[in-house]
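A.B. asks: File my_file.cif follows (mmCIF, C-alpha atoms (C1' of nucleotides)):
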data_coords
#
loop_
_atom_site.label_atom_id
_atom_site.label_comp_id
_atom_site.auth_asym_id
_atom_site.auth_seq_id
_atom_site.Cartn_x
_atom_site.Cartn_y
_atom_site.Cartn_z
CA MET A 1 -52.18 -23.89 -46.03
CA PRO A 2 -52.65 -20.71 -44.83
CA GLU A 3 -54.96 -20.83 -41.86
CA LEU A 4 -57.48 -18.16 -40.86
CA PRO A 5 -54.99 -15.31 -40.25
CA GLU A 6 -53.21 -15.92 -43.55
CA VAL A 7 -56.48 -16.13 -45.48
CA GLU A 8 -57.77 -13.00 -43.75
CA THR A 9 -54.54 -11.17 -44.63
CA THR A 10 -54.93 -12.21 -48.26
CA VAL A 11 -58.55 -11.06 -48.35
CA LYS A 12 -57.61 -7.68 -46.90
CA GLY A 13 -54.83 -7.29 -49.42
CA LEU A 14 -57.06 -8.22 -52.33
CA ASN A 15 -59.72 -5.76 -51.24
CA LEU A 16 -57.15 -2.98 -51.44
CA LYS A 17 -55.89 -4.07 -54.84
CA VAL A 18 -58.46 -5.68 -57.09
CA LEU A 19 -61.90 -4.49 -56.04
CA ASN A 20 -63.94 -3.33 -59.06
CA ARG A 21 -61.38 -4.69 -61.51
CA THR A 22 -62.60 -6.76 -64.44
CA PHE A 23 -61.14 -10.07 -65.61
CA ILE A 24 -59.78 -9.85 -69.14
CA ASP A 25 -58.26 -13.29 -69.53
CA ALA A 26 -56.73 -16.21 -67.63
CA TRP A 27 -53.78 -18.59 -68.02
CA THR A 28 -52.76 -21.84 -66.39
CA ASP A 29 -50.26 -24.65 -66.77
CA SER A 30 -52.02 -26.74 -64.12
CA LYS A 31 -55.53 -27.30 -65.38
CA LYS A 32 -56.41 -29.56 -62.47
CA ILE A 33 -56.42 -26.61 -60.09
CA ILE A 34 -59.48 -25.24 -61.88
CA LYS A 35 -62.10 -27.69 -60.69
CA LYS A 36 -65.27 -25.99 -61.85
CA PRO A 37 -65.98 -25.84 -64.67
CA LYS A 38 -63.46 -28.56 -65.41
CA ASN A 39 -62.77 -27.42 -68.93
CA PHE A 40 -60.32 -24.50 -68.72
CA ASN A 41 -61.52 -22.90 -71.94
CA SER A 42 -65.06 -22.82 -70.59
CA PHE A 43 -63.74 -21.36 -67.33
CA LYS A 44 -61.86 -18.64 -69.22
CA LYS A 45 -64.87 -17.81 -71.33
CA GLU A 46 -67.10 -17.54 -68.27
CA ILE A 47 -64.92 -15.23 -66.20
CA LYS A 48 -63.98 -12.91 -69.08
CA GLY A 49 -65.68 -9.56 -68.63
CA LYS A 50 -66.82 -10.27 -65.08
CA LYS A 51 -66.14 -7.60 -62.49
CA ILE A 52 -64.88 -8.16 -58.93
CA LYS A 53 -67.59 -6.83 -56.64
CA LYS A 54 -66.60 -8.14 -53.23
CA ILE A 55 -63.89 -10.28 -51.63
CA TRP A 56 -64.55 -12.10 -48.38
CA ARG A 57 -63.65 -15.15 -46.36
CA ARG A 58 -65.50 -18.12 -44.93
CA GLY A 59 -63.16 -20.27 -42.88
CA LYS A 60 -60.11 -20.83 -45.03
CA ASN A 61 -62.04 -20.22 -48.26
CA ILE A 62 -61.62 -17.01 -50.22
CA ILE A 63 -64.74 -15.94 -52.05
CA ILE A 64 -64.54 -13.41 -54.85
CA ASP A 65 -68.02 -12.23 -55.74
CA LEU A 66 -68.35 -11.29 -59.38
CA SER A 67 -70.89 -9.48 -61.50
CA ASN A 68 -73.78 -11.51 -62.95
CA GLU A 69 -74.24 -13.38 -59.66
CA TYR A 70 -71.15 -15.53 -59.94
CA SER A 71 -68.43 -16.16 -57.37
CA LEU A 72 -64.92 -17.52 -57.53
CA LEU A 73 -64.03 -19.84 -54.70
CA VAL A 74 -60.31 -20.11 -53.95
CA HIS A 75 -58.92 -22.57 -51.42
CA GLN A 76 -55.16 -22.29 -51.01
CA LYS A 77 -54.69 -25.63 -49.24
CA MET A 78 -51.07 -26.18 -48.09
CA THR A 79 -48.82 -23.99 -50.16
CA GLY A 80 -51.10 -21.82 -52.29
CA HIS A 81 -51.18 -18.04 -52.10
CA LEU A 82 -52.56 -15.23 -54.19
CA LEU A 83 -50.33 -12.43 -55.43
CA TYR A 84 -51.06 -9.13 -57.13
CA GLY A 85 -48.65 -7.45 -59.47
CA MET A 86 -47.11 -7.48 -62.92
CA TRP A 87 -45.20 -10.31 -64.52
CA SER A 88 -43.99 -11.27 -67.95
CA MET A 89 -43.36 -14.74 -69.29
CA LYS A 90 -39.71 -15.53 -69.92
CA GLN A 91 -38.56 -18.97 -71.01
CA GLY A 92 -41.68 -20.61 -69.72
CA THR A 93 -41.68 -19.01 -66.28
CA TRP A 94 -43.20 -15.82 -64.94
CA GLU A 95 -40.79 -13.05 -64.05
CA PRO A 96 -41.97 -10.13 -61.96
CA SER A 97 -41.69 -6.64 -63.36
CA GLU A 98 -41.97 -5.11 -59.90
CA LYS A 99 -39.89 -5.29 -56.76
CA GLY A 100 -41.45 -7.09 -53.83
CA LEU A 101 -42.22 -10.09 -55.99
CA LEU A 102 -38.61 -10.96 -56.67
CA GLU A 103 -38.36 -14.10 -54.57
CA GLU A 104 -37.80 -17.07 -56.79
CA LYS A 105 -39.99 -19.37 -54.72
CA VAL A 106 -42.89 -16.98 -55.05
CA ASN A 107 -42.73 -16.71 -58.81
CA LYS A 108 -41.44 -20.11 -59.85
CA TYR A 109 -44.66 -21.80 -58.81
CA ILE A 110 -47.25 -19.54 -60.39
CA ARG A 111 -49.88 -21.99 -61.64
CA VAL A 112 -52.77 -19.71 -62.57
CA MET A 113 -52.72 -16.13 -63.78
CA PHE A 114 -55.68 -13.77 -64.08
CA PHE A 115 -55.26 -10.74 -66.29
CA LEU A 116 -57.09 -7.63 -65.09
CA ASP A 117 -58.31 -4.51 -66.87
CA ASN A 118 -55.54 -2.31 -65.42
CA GLU A 119 -52.61 -4.19 -66.99
CA LYS A 120 -51.96 -5.93 -63.68
CA MET A 121 -52.44 -9.54 -62.69
CA LEU A 122 -53.73 -11.75 -59.95
CA ALA A 123 -51.56 -14.87 -59.63
CA LEU A 124 -51.98 -18.12 -57.77
CA SER A 125 -48.61 -19.48 -56.67
CA ASP A 126 -48.69 -23.03 -55.35
CA LEU A 127 -45.73 -25.37 -55.07
CA ARG A 128 -47.75 -28.48 -54.39
CA LYS A 129 -50.72 -27.78 -56.69
CA PHE A 130 -53.27 -28.70 -54.04
CA ALA A 131 -55.07 -25.37 -54.28
CA LYS A 132 -58.42 -25.25 -56.00
CA ILE A 133 -60.35 -22.61 -57.87
CA GLU A 134 -64.02 -23.00 -58.67
CA LEU A 135 -66.52 -20.78 -60.41
CA TRP A 136 -69.96 -20.98 -58.84
CA LYS A 137 -73.28 -19.25 -59.11
CA THR A 138 -73.14 -17.37 -55.81
CA LYS A 139 -76.45 -18.72 -54.63
CA GLU A 140 -75.47 -22.31 -55.34
CA LEU A 141 -72.15 -21.87 -53.54
CA LEU A 142 -73.85 -20.56 -50.42
CA GLU A 143 -76.25 -23.49 -50.49
CA SER A 144 -73.62 -26.10 -51.28
CA LYS A 145 -72.95 -28.97 -48.93
CA GLU A 146 -69.29 -28.01 -48.46
CA PHE A 147 -70.33 -24.55 -47.38
CA LYS A 148 -73.19 -25.50 -45.14
CA ILE A 149 -71.11 -27.94 -43.16
CA LEU A 150 -68.70 -25.22 -41.99
CA GLY A 151 -68.68 -24.36 -38.29
CA PRO A 152 -68.79 -20.90 -36.71
CA GLU A 153 -66.25 -18.15 -37.36
CA PRO A 154 -64.07 -17.87 -34.26
CA LEU A 155 -63.36 -14.16 -34.65
CA LYS A 156 -66.94 -13.05 -35.07
CA LYS A 157 -68.53 -11.21 -32.17
CA ASP A 158 -71.28 -13.79 -31.82
CA PHE A 159 -68.71 -16.54 -31.18
CA THR A 160 -69.27 -16.55 -27.45
CA PHE A 161 -67.88 -18.94 -24.86
CA GLU A 162 -71.31 -20.58 -24.72
CA LYS A 163 -71.18 -21.19 -28.45
CA PHE A 164 -67.67 -22.64 -28.18
CA LYS A 165 -68.81 -25.01 -25.45
CA LYS A 166 -71.81 -25.98 -27.51
CA VAL A 167 -69.81 -26.94 -30.62
CA LEU A 168 -67.50 -29.10 -28.50
CA GLU A 169 -70.37 -30.77 -26.72
CA ASN A 170 -70.47 -34.54 -27.31
CA LYS A 171 -67.36 -34.41 -29.48
CA LYS A 172 -65.21 -37.47 -29.17
CA GLY A 173 -61.51 -37.56 -29.80
CA LYS A 174 -58.47 -35.49 -29.05
CA ILE A 175 -58.81 -31.77 -28.65
CA LYS A 176 -56.23 -30.83 -31.27
CA GLN A 177 -57.95 -32.86 -33.97
CA VAL A 178 -61.36 -31.53 -33.00
CA LEU A 179 -60.09 -27.93 -33.07
CA MET A 180 -58.87 -28.46 -36.64
CA ASP A 181 -62.20 -29.93 -37.75
CA GLN A 182 -63.75 -27.25 -39.97
CA SER A 183 -67.26 -28.45 -39.20
CA VAL A 184 -66.67 -27.70 -35.51
CA VAL A 185 -65.06 -24.29 -35.86
CA VAL A 186 -63.47 -22.85 -38.99
CA GLY A 187 -60.03 -21.45 -39.68
CA ILE A 188 -57.82 -23.39 -37.27
CA GLY A 189 -55.09 -25.63 -38.67
CA ASN A 190 -51.89 -27.23 -37.49
CA ILE A 191 -50.05 -24.06 -36.47
CA TYR A 192 -52.75 -22.21 -34.61
CA SER A 193 -54.11 -25.32 -32.89
CA SER A 194 -50.66 -26.02 -31.45
CA GLU A 195 -50.31 -22.37 -30.46
CA ALA A 196 -53.74 -22.13 -28.84
CA LEU A 197 -53.21 -25.32 -26.85
CA TRP A 198 -49.84 -24.06 -25.65
CA GLN A 199 -51.43 -20.80 -24.53
CA ALA A 200 -54.21 -22.66 -22.73
CA LYS A 201 -51.75 -25.19 -21.21
CA ILE A 202 -53.72 -28.13 -22.56
CA HIS A 203 -52.15 -31.32 -23.90
CA PRO A 204 -53.03 -31.78 -27.59
CA GLU A 205 -54.10 -35.38 -26.99
CA LYS A 206 -56.44 -34.59 -24.13
CA SER A 207 -59.87 -35.91 -24.88
CA VAL A 208 -62.48 -33.21 -25.43
CA ALA A 209 -64.88 -34.89 -23.04
CA LYS A 210 -62.36 -34.57 -20.22
CA LEU A 211 -61.81 -30.84 -20.51
CA SER A 212 -62.94 -28.93 -17.43
CA ASP A 213 -64.94 -25.76 -17.68
CA SER A 214 -61.93 -23.68 -16.74
CA GLU A 215 -59.81 -25.41 -19.38
CA LEU A 216 -62.50 -24.74 -21.97
CA LYS A 217 -62.55 -21.11 -20.97
CA LEU A 218 -58.78 -20.84 -21.29
CA LEU A 219 -58.88 -22.56 -24.65
CA TYR A 220 -61.66 -20.31 -25.90
CA GLN A 221 -59.62 -17.25 -24.97
CA ALA A 222 -56.44 -18.77 -26.40
CA VAL A 223 -58.03 -19.58 -29.77
CA LYS A 224 -59.25 -16.02 -30.15
CA LYS A 225 -55.97 -14.59 -28.91
CA VAL A 226 -53.69 -16.49 -31.29
CA LEU A 227 -55.94 -15.96 -34.30
CA GLU A 228 -56.31 -12.24 -33.57
CA LEU A 229 -52.57 -11.89 -33.13
CA GLY A 230 -52.04 -13.81 -36.37
CA VAL A 231 -54.35 -11.46 -38.23
CA LYS A 232 -52.71 -8.42 -36.65
CA LEU A 233 -49.26 -9.58 -37.71
CA GLY A 234 -50.31 -10.51 -41.24
CA GLY A 235 -50.00 -14.26 -40.78
CA GLU A 236 -47.14 -16.72 -40.66
CA SER A 237 -44.57 -16.98 -43.45
CA PHE A 238 -41.93 -19.42 -42.28
CA SER A 239 -42.68 -21.40 -45.41
CA ASP A 240 -44.61 -20.61 -48.58
CA TYR A 241 -47.27 -18.20 -47.51
CA ARG A 242 -46.90 -14.58 -48.69
CA LYS A 243 -49.11 -11.53 -48.60
CA VAL A 244 -50.56 -10.39 -51.93
CA ASP A 245 -47.61 -8.03 -52.47
CA GLY A 246 -45.17 -10.89 -51.96
CA SER A 247 -44.01 -9.76 -48.49
CA LYS A 248 -43.94 -11.99 -45.43
CA GLY A 249 -46.27 -12.06 -42.46
CA ASP A 250 -44.81 -11.40 -38.99
CA PHE A 251 -46.37 -14.08 -36.81
CA ASP A 252 -43.09 -16.00 -36.80
CA THR A 253 -41.75 -14.10 -33.78
CA GLU A 254 -44.82 -15.14 -31.82
CA ARG A 255 -44.62 -18.88 -32.38
CA LYS A 256 -44.38 -20.60 -28.99
CA ALA A 257 -44.83 -24.25 -29.92
CA TYR A 258 -45.25 -24.99 -33.62
CA LYS A 259 -42.00 -26.12 -35.28
CA ARG A 260 -40.08 -25.49 -32.04
CA GLU A 261 -39.21 -29.10 -31.24
CA GLY A 262 -36.20 -29.29 -28.91
CA GLN A 263 -36.25 -25.58 -28.17
CA LYS A 264 -37.07 -24.09 -24.78
CA CYS A 265 -40.64 -23.43 -23.72
CA HIS A 266 -41.01 -19.67 -23.30
CA ARG A 267 -42.94 -20.26 -20.09
CA CYS A 268 -41.04 -22.94 -18.17
CA GLY A 269 -37.84 -23.64 -20.10
CA ALA A 270 -38.57 -27.31 -20.75
CA LYS A 271 -37.95 -28.66 -24.22
CA ILE A 272 -40.85 -28.50 -26.66
CA LYS A 273 -41.85 -31.95 -27.89
CA ARG A 274 -43.28 -33.14 -31.16
CA ILE A 275 -45.66 -36.07 -31.35
CA LYS A 276 -47.60 -37.49 -34.26
CA PHE A 277 -51.23 -38.44 -34.33
CA GLY A 278 -54.02 -38.17 -36.82
CA GLY A 279 -51.37 -37.98 -39.52
CA ARG A 280 -50.12 -34.60 -38.28
CA SER A 281 -47.43 -33.31 -35.97
CA ALA A 282 -48.40 -31.66 -32.71
CA PHE A 283 -45.95 -29.46 -30.81
CA PHE A 284 -46.35 -28.88 -27.09
CA CYS A 285 -44.54 -28.38 -23.80
CA PRO A 286 -44.57 -31.64 -21.82
CA THR A 287 -44.27 -29.73 -18.55
CA CYS A 288 -46.91 -27.04 -19.04
CA GLN A 289 -49.32 -29.20 -21.01
CA LYS A 290 -49.99 -32.36 -19.04
CA LEU A 291 -52.31 -35.08 -20.21
"C1'" DC B 1 -71.60 -44.26 -38.23
"C1'" DG B 2 -66.75 -42.87 -37.01
"C1'" DA B 3 -61.82 -43.58 -37.18
"C1'" DG B 4 -57.94 -44.31 -39.88
"C1'" DG B 5 -55.35 -44.58 -43.96
"C1'" DT B 6 -54.35 -42.73 -48.51
"C1'" DA B 7 -54.27 -39.62 -52.35
"C1'" DC B 8 -53.32 -35.31 -54.35
"C1'" DC B 9 -48.04 -32.81 -55.70
"C1'" DT B 10 -43.29 -30.92 -55.28
"C1'" DG B 11 -39.98 -30.05 -52.85
"C1'" DA B 12 -36.30 -29.65 -48.51
"C1'" DC B 13 -33.56 -31.92 -45.48
"C1'" DA B 14 -31.41 -35.64 -42.56
"C1'" DG B 15 -28.97 -39.84 -42.41
"C1'" DC B 16 -26.46 -43.48 -44.47
"C1'" DT C 1 -22.83 -37.65 -54.33
"C1'" DG C 2 -26.75 -40.03 -54.39
"C1'" DC C 3 -30.22 -42.75 -52.49
"C1'" DT C 4 -34.01 -43.34 -49.09
"C1'" DG C 5 -37.14 -41.94 -45.89
"C1'" DT C 6 -39.57 -38.25 -43.57
"C1'" DC C 7 -41.75 -34.08 -43.33
"C1'" DA C 8 -44.66 -30.00 -45.04
"C1'" DG C 9 -49.80 -24.53 -43.24
"C1'" DG C 10 -55.36 -29.14 -45.97
"C1'" DT C 11 -59.03 -31.72 -47.28
"C1'" DA C 12 -61.61 -35.38 -49.90
"C1'" DC C 13 -62.39 -39.97 -50.46
"C1'" DC C 14 -62.01 -44.72 -49.53
"C1'" DT C 15 -62.18 -48.81 -46.49
"C1'" DC C 16 -63.10 -51.30 -42.34
#
Show me this structure written as structure tokens.

C.D. replies:
Amino acid sequence: MPELPEVETTVKGLNLKVLNRTFIDAWTDSKKIIKKPKNFNSFKKEIKGKKIKKIWRRGKNIIIDLSNEYSLLVHQKMTGHLLYGMWSMKQGTWEPSEKGLLEEKVNKYIRVMFFLDNEKMLALSDLRKFAKIELWKTKELLESKEFKILGPEPLKKDFTFEKFKKVLENKKGKIKQVLMDQSVVVGIGNIYSSEALWQAKIHPEKSVAKLSDSELKLLYQAVKKVLELGVKLGGESFSDYRKVDGSKGDFDTERKAYKREGQKCHRCGAKIKRIKFGGRSAFFCPTCQKL
DNA sequence: CGAGGTACCTGACAGC
DNA sequence: TGCTGTCAGGTACCTC
């Protein structure tokens, strides 16, 4: 899915577009995406008339605080993304009535549609249908196990080097996998972990316990750097992710490792390699990033 | 307990 | 062309 920069970009976009709007109705052809309450009619009934009071992010989760102390939790997983605009249903598929949302791949996979009180809509597009939407009582969401287990936010001011070292303390395993563990630090996935490790010149399979203090420092700076750059550029859109207006993020030009197998390392010219472990691909420069 | 595999879905693309 | 296998930004759940 979208990782931290993509989720942050979505949250920013939503705050500009749907704050203080009220839900009028909802539609879906993929009931399994709505996980809570499980019955879609109950879900519809519950969100009808609720007003959007605040939109924020915790890790890769989007939280839409509603009136009456409820919150919508949206996790976009691999290919989900939220869009704002106007569509009409034609022959079973949604067709946009505005430019910007004209890409077929954006509209073809709209799975859930929220109708707002200004004639516009909030859509969830998701090719693979892994995304989830849940309606919670805000208080219960904040106290839920899934929420409490989440690690620190890497872009918050209080995420100091000391804190980074502390969360990695006693962690076993390979650094790339640990970086992607949301209970260690939130928001980092397969793209930004590869990018951060390239920046820090650390091999993705290096064991956390073997990282020197100077390597940790470089990694700490690299994590913040790539995530900040990602946010600044509106995320990465080489695949399904889009901003809420349907446009693409610009991080693509900055990719140094991820999906660059066989291409030249921007630092030393060696060929970027891809290896698989933990069920995921890792991209790195075998010359700059030694084990 | 932790590590590893699988499941959830729908493609795109490479190779035969 | 068509078939098969692999790969895809994530996470939950199961087994050993």

A.B. asks: Hey, could you make a per-residue contact list for chain B against chain A with 9 Å as the cut-off, showing the nearest pair of atoms and its distance in Å to one decimal, counting all atoms listed in the file, sorted by chain and number, as a tab-separated table?

C.D. replies:
residue	atom	partner	partner_atom	distance
B:DG4	C1'	A:Gly278	CA	7.9
B:DG5	C1'	A:Gly279	CA	8.9
B:DC8	C1'	A:Phe130	CA	6.6
B:DC9	C1'	A:Arg128	CA	4.5
B:DT10	C1'	A:Arg128	CA	5.2
B:DG11	C1'	A:Leu127	CA	7.7

A.B. asks: Convert the current residue selection to file output with C-alpha atoms (C1' of nucleotides), as a JSON list (two decimals), in the coordinates of the input.

C.D. replies:
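Dumped to selection_32.json:
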[["chain", "number", "residue", "atom", "x", "y", "z"],
["B", 4, "DG", "C1'", -57.94, -44.31, -39.88],
["B", 5, "DG", "C1'", -55.35, -44.58, -43.96],
["B", 8, "DC", "C1'", -53.32, -35.31, -54.35],
["B", 9, "DC", "C1'", -48.04, -32.81, -55.70],
["B", 10, "DT", "C1'", -43.29, -30.92, -55.28],
["B", 11, "DG", "C1'", -39.98, -30.05, -52.85]]

A.B. asks: Find the residues of chain C that sit at most 10 Å from chain A; for each, write down the nearest two atoms and how far apart they are in Å, to one decimal. Count only C-alpha atoms (C1' of nucleotides). Sort by chain, then by number going up, and give it as JSON lines.

C.D. replies:
{"residue": "C:DC7", "atom": "C1'", "partner": "A:Ser281", "partner_atom": "CA", "distance": 9.3}
{"residue": "C:DA8", "atom": "C1'", "partner": "A:Met78", "partner_atom": "CA", "distance": 8.1}
{"residue": "C:DG9", "atom": "C1'", "partner": "A:Met1", "partner_atom": "CA", "distance": 3.7}
{"residue": "C:DG10", "atom": "C1'", "partner": "A:Lys77", "partner_atom": "CA", "distance": 4.8}
{"residue": "C:DT11", "atom": "C1'", "partner": "A:Lys77", "partner_atom": "CA", "distance": 7.7}

A.B. asks: In Å, rounded to a single decimal, give me how far atom CA of Pro286 of chain A is from atom CA of Glu215 of chain A.

C.D. replies: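 Spanning atom CA of Glu215 of chain A to atom CA of Pro286 of chain A is a straight-line distance of 16.6 Å.
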
A.B. asks: Name every residue that the PyMOL selection byres ((chain A and resi 37) around 12) selects in this structure, writing the answer as number ranges by chain with chains first and numbers rising.

C.D. replies: A: 31-36, 38-47, 72-73, 132-137

A.B. asks: With C-alpha atoms retained, could you export that selection as a PDB file, in the frame of the given file?

C.D. replies:
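Dumped everything to result-v4.pdb:
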ATOM      1  CA  LYS A  31     -55.530 -27.300 -65.380  1.00  0.00           C
ATOM      2  CA  LYS A  32     -56.410 -29.560 -62.470  1.00  0.00           C
ATOM      3  CA  ILE A  33     -56.420 -26.610 -60.090  1.00  0.00           C
ATOM      4  CA  ILE A  34     -59.480 -25.240 -61.880  1.00  0.00           C
ATOM      5  CA  LYS A  35     -62.100 -27.690 -60.690  1.00  0.00           C
ATOM      6  CA  LYS A  36     -65.270 -25.990 -61.850  1.00  0.00           C
ATOM      7  CA  LYS A  38     -63.460 -28.560 -65.410  1.00  0.00           C
ATOM      8  CA  ASN A  39     -62.770 -27.420 -68.930  1.00  0.00           C
ATOM      9  CA  PHE A  40     -60.320 -24.500 -68.720  1.00  0.00           C
ATOM     10  CA  ASN A  41     -61.520 -22.900 -71.940  1.00  0.00           C
ATOM     11  CA  SER A  42     -65.060 -22.820 -70.590  1.00  0.00           C
ATOM     12  CA  PHE A  43     -63.740 -21.360 -67.330  1.00  0.00           C
ATOM     13  CA  LYS A  44     -61.860 -18.640 -69.220  1.00  0.00           C
ATOM     14  CA  LYS A  45     -64.870 -17.810 -71.330  1.00  0.00           C
ATOM     15  CA  GLU A  46     -67.100 -17.540 -68.270  1.00  0.00           C
ATOM     16  CA  ILE A  47     -64.920 -15.230 -66.200  1.00  0.00           C
ATOM     17  CA  LEU A  72     -64.920 -17.520 -57.530  1.00  0.00           C
ATOM     18  CA  LEU A  73     -64.030 -19.840 -54.700  1.00  0.00           C
ATOM     19  CA  LYS A 132     -58.420 -25.250 -56.000  1.00  0.00           C
ATOM     20  CA  ILE A 133     -60.350 -22.610 -57.870  1.00  0.00           C
ATOM     21  CA  GLU A 134     -64.020 -23.000 -58.670  1.00  0.00           C
ATOM     22  CA  LEU A 135     -66.520 -20.780 -60.410  1.00  0.00           C
ATOM     23  CA  TRP A 136     -69.960 -20.980 -58.840  1.00  0.00           C
ATOM     24  CA  LYS A 137     -73.280 -19.250 -59.110  1.00  0.00           C
TER      25      LYS A 137
END

A.B. asks: On this structure, the PyMOL selection byres ((chain B and resi 13) around 9) would catch which residues? List them as a PyMOL selection string, sorted by chain and number.

C.D. replies: (chain B and resi 12+14) or (chain C and resi 6-7)

A.B. asks: Tell me, in Å to one decimal, how far atom CA of Lys157 of chain A is from atom CA of Gln289 of chain A.

C.D. replies: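 Taking atom CA of Lys157 of chain A as the start and atom CA of Gln289 of chain A as the end point, the length is 28.6 Å.
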
A.B. asks: Which distance in Å separates atom CA of Trp198 of chain A and atom CA of Ala257 of chain A, to one decimal?

C.D. replies: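 Taking atom CA of Trp198 of chain A and atom CA of Ala257 of chain A, their separation equals 6.6 Å.
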
A.B. asks: Care to translate the PyMOL selection byres ((chain A and resi 62) around 9) into actual residues of this file, as a list in words?

C.D. replies: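 Applying the PyMOL selection byres ((chain A and resi 62) around 9) to the structure shown produces Val7, Glu8, Thr10, Val11, Ile55, Trp56, Arg57, Arg58, Gly59, Lys60, Asn61, Ile63, Ile64, Leu72, Leu73, Val74, His75 and Gln76 of chain A.
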
A.B. asks: My list of candidates is A:Thr138, A:Ser67, A:Gln199, A:Thr22. Which is closest to Lys120 of chain A when distances are computed with only C-alpha atoms?

C.D. replies: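 For Lys120 of chain A, the nearest of the given residues is A:Thr22.
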
A.B. asks: Do you know which residues are at most 9 Å from segment 85-96 of chain A counting all atoms listed in the file, after dropping those on the same chain fewer than 4 positions away, and could you put them as a list in words?

C.D. replies: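 After dropping sequence-adjacent residues, the list is Gly100, Leu101, Leu102, Glu104, Asn107, Lys108, Tyr109, Ile110, Glu119, Lys120, Met121, Leu122, Ala123, Val244, Asp245 and Gly246 of chain A.
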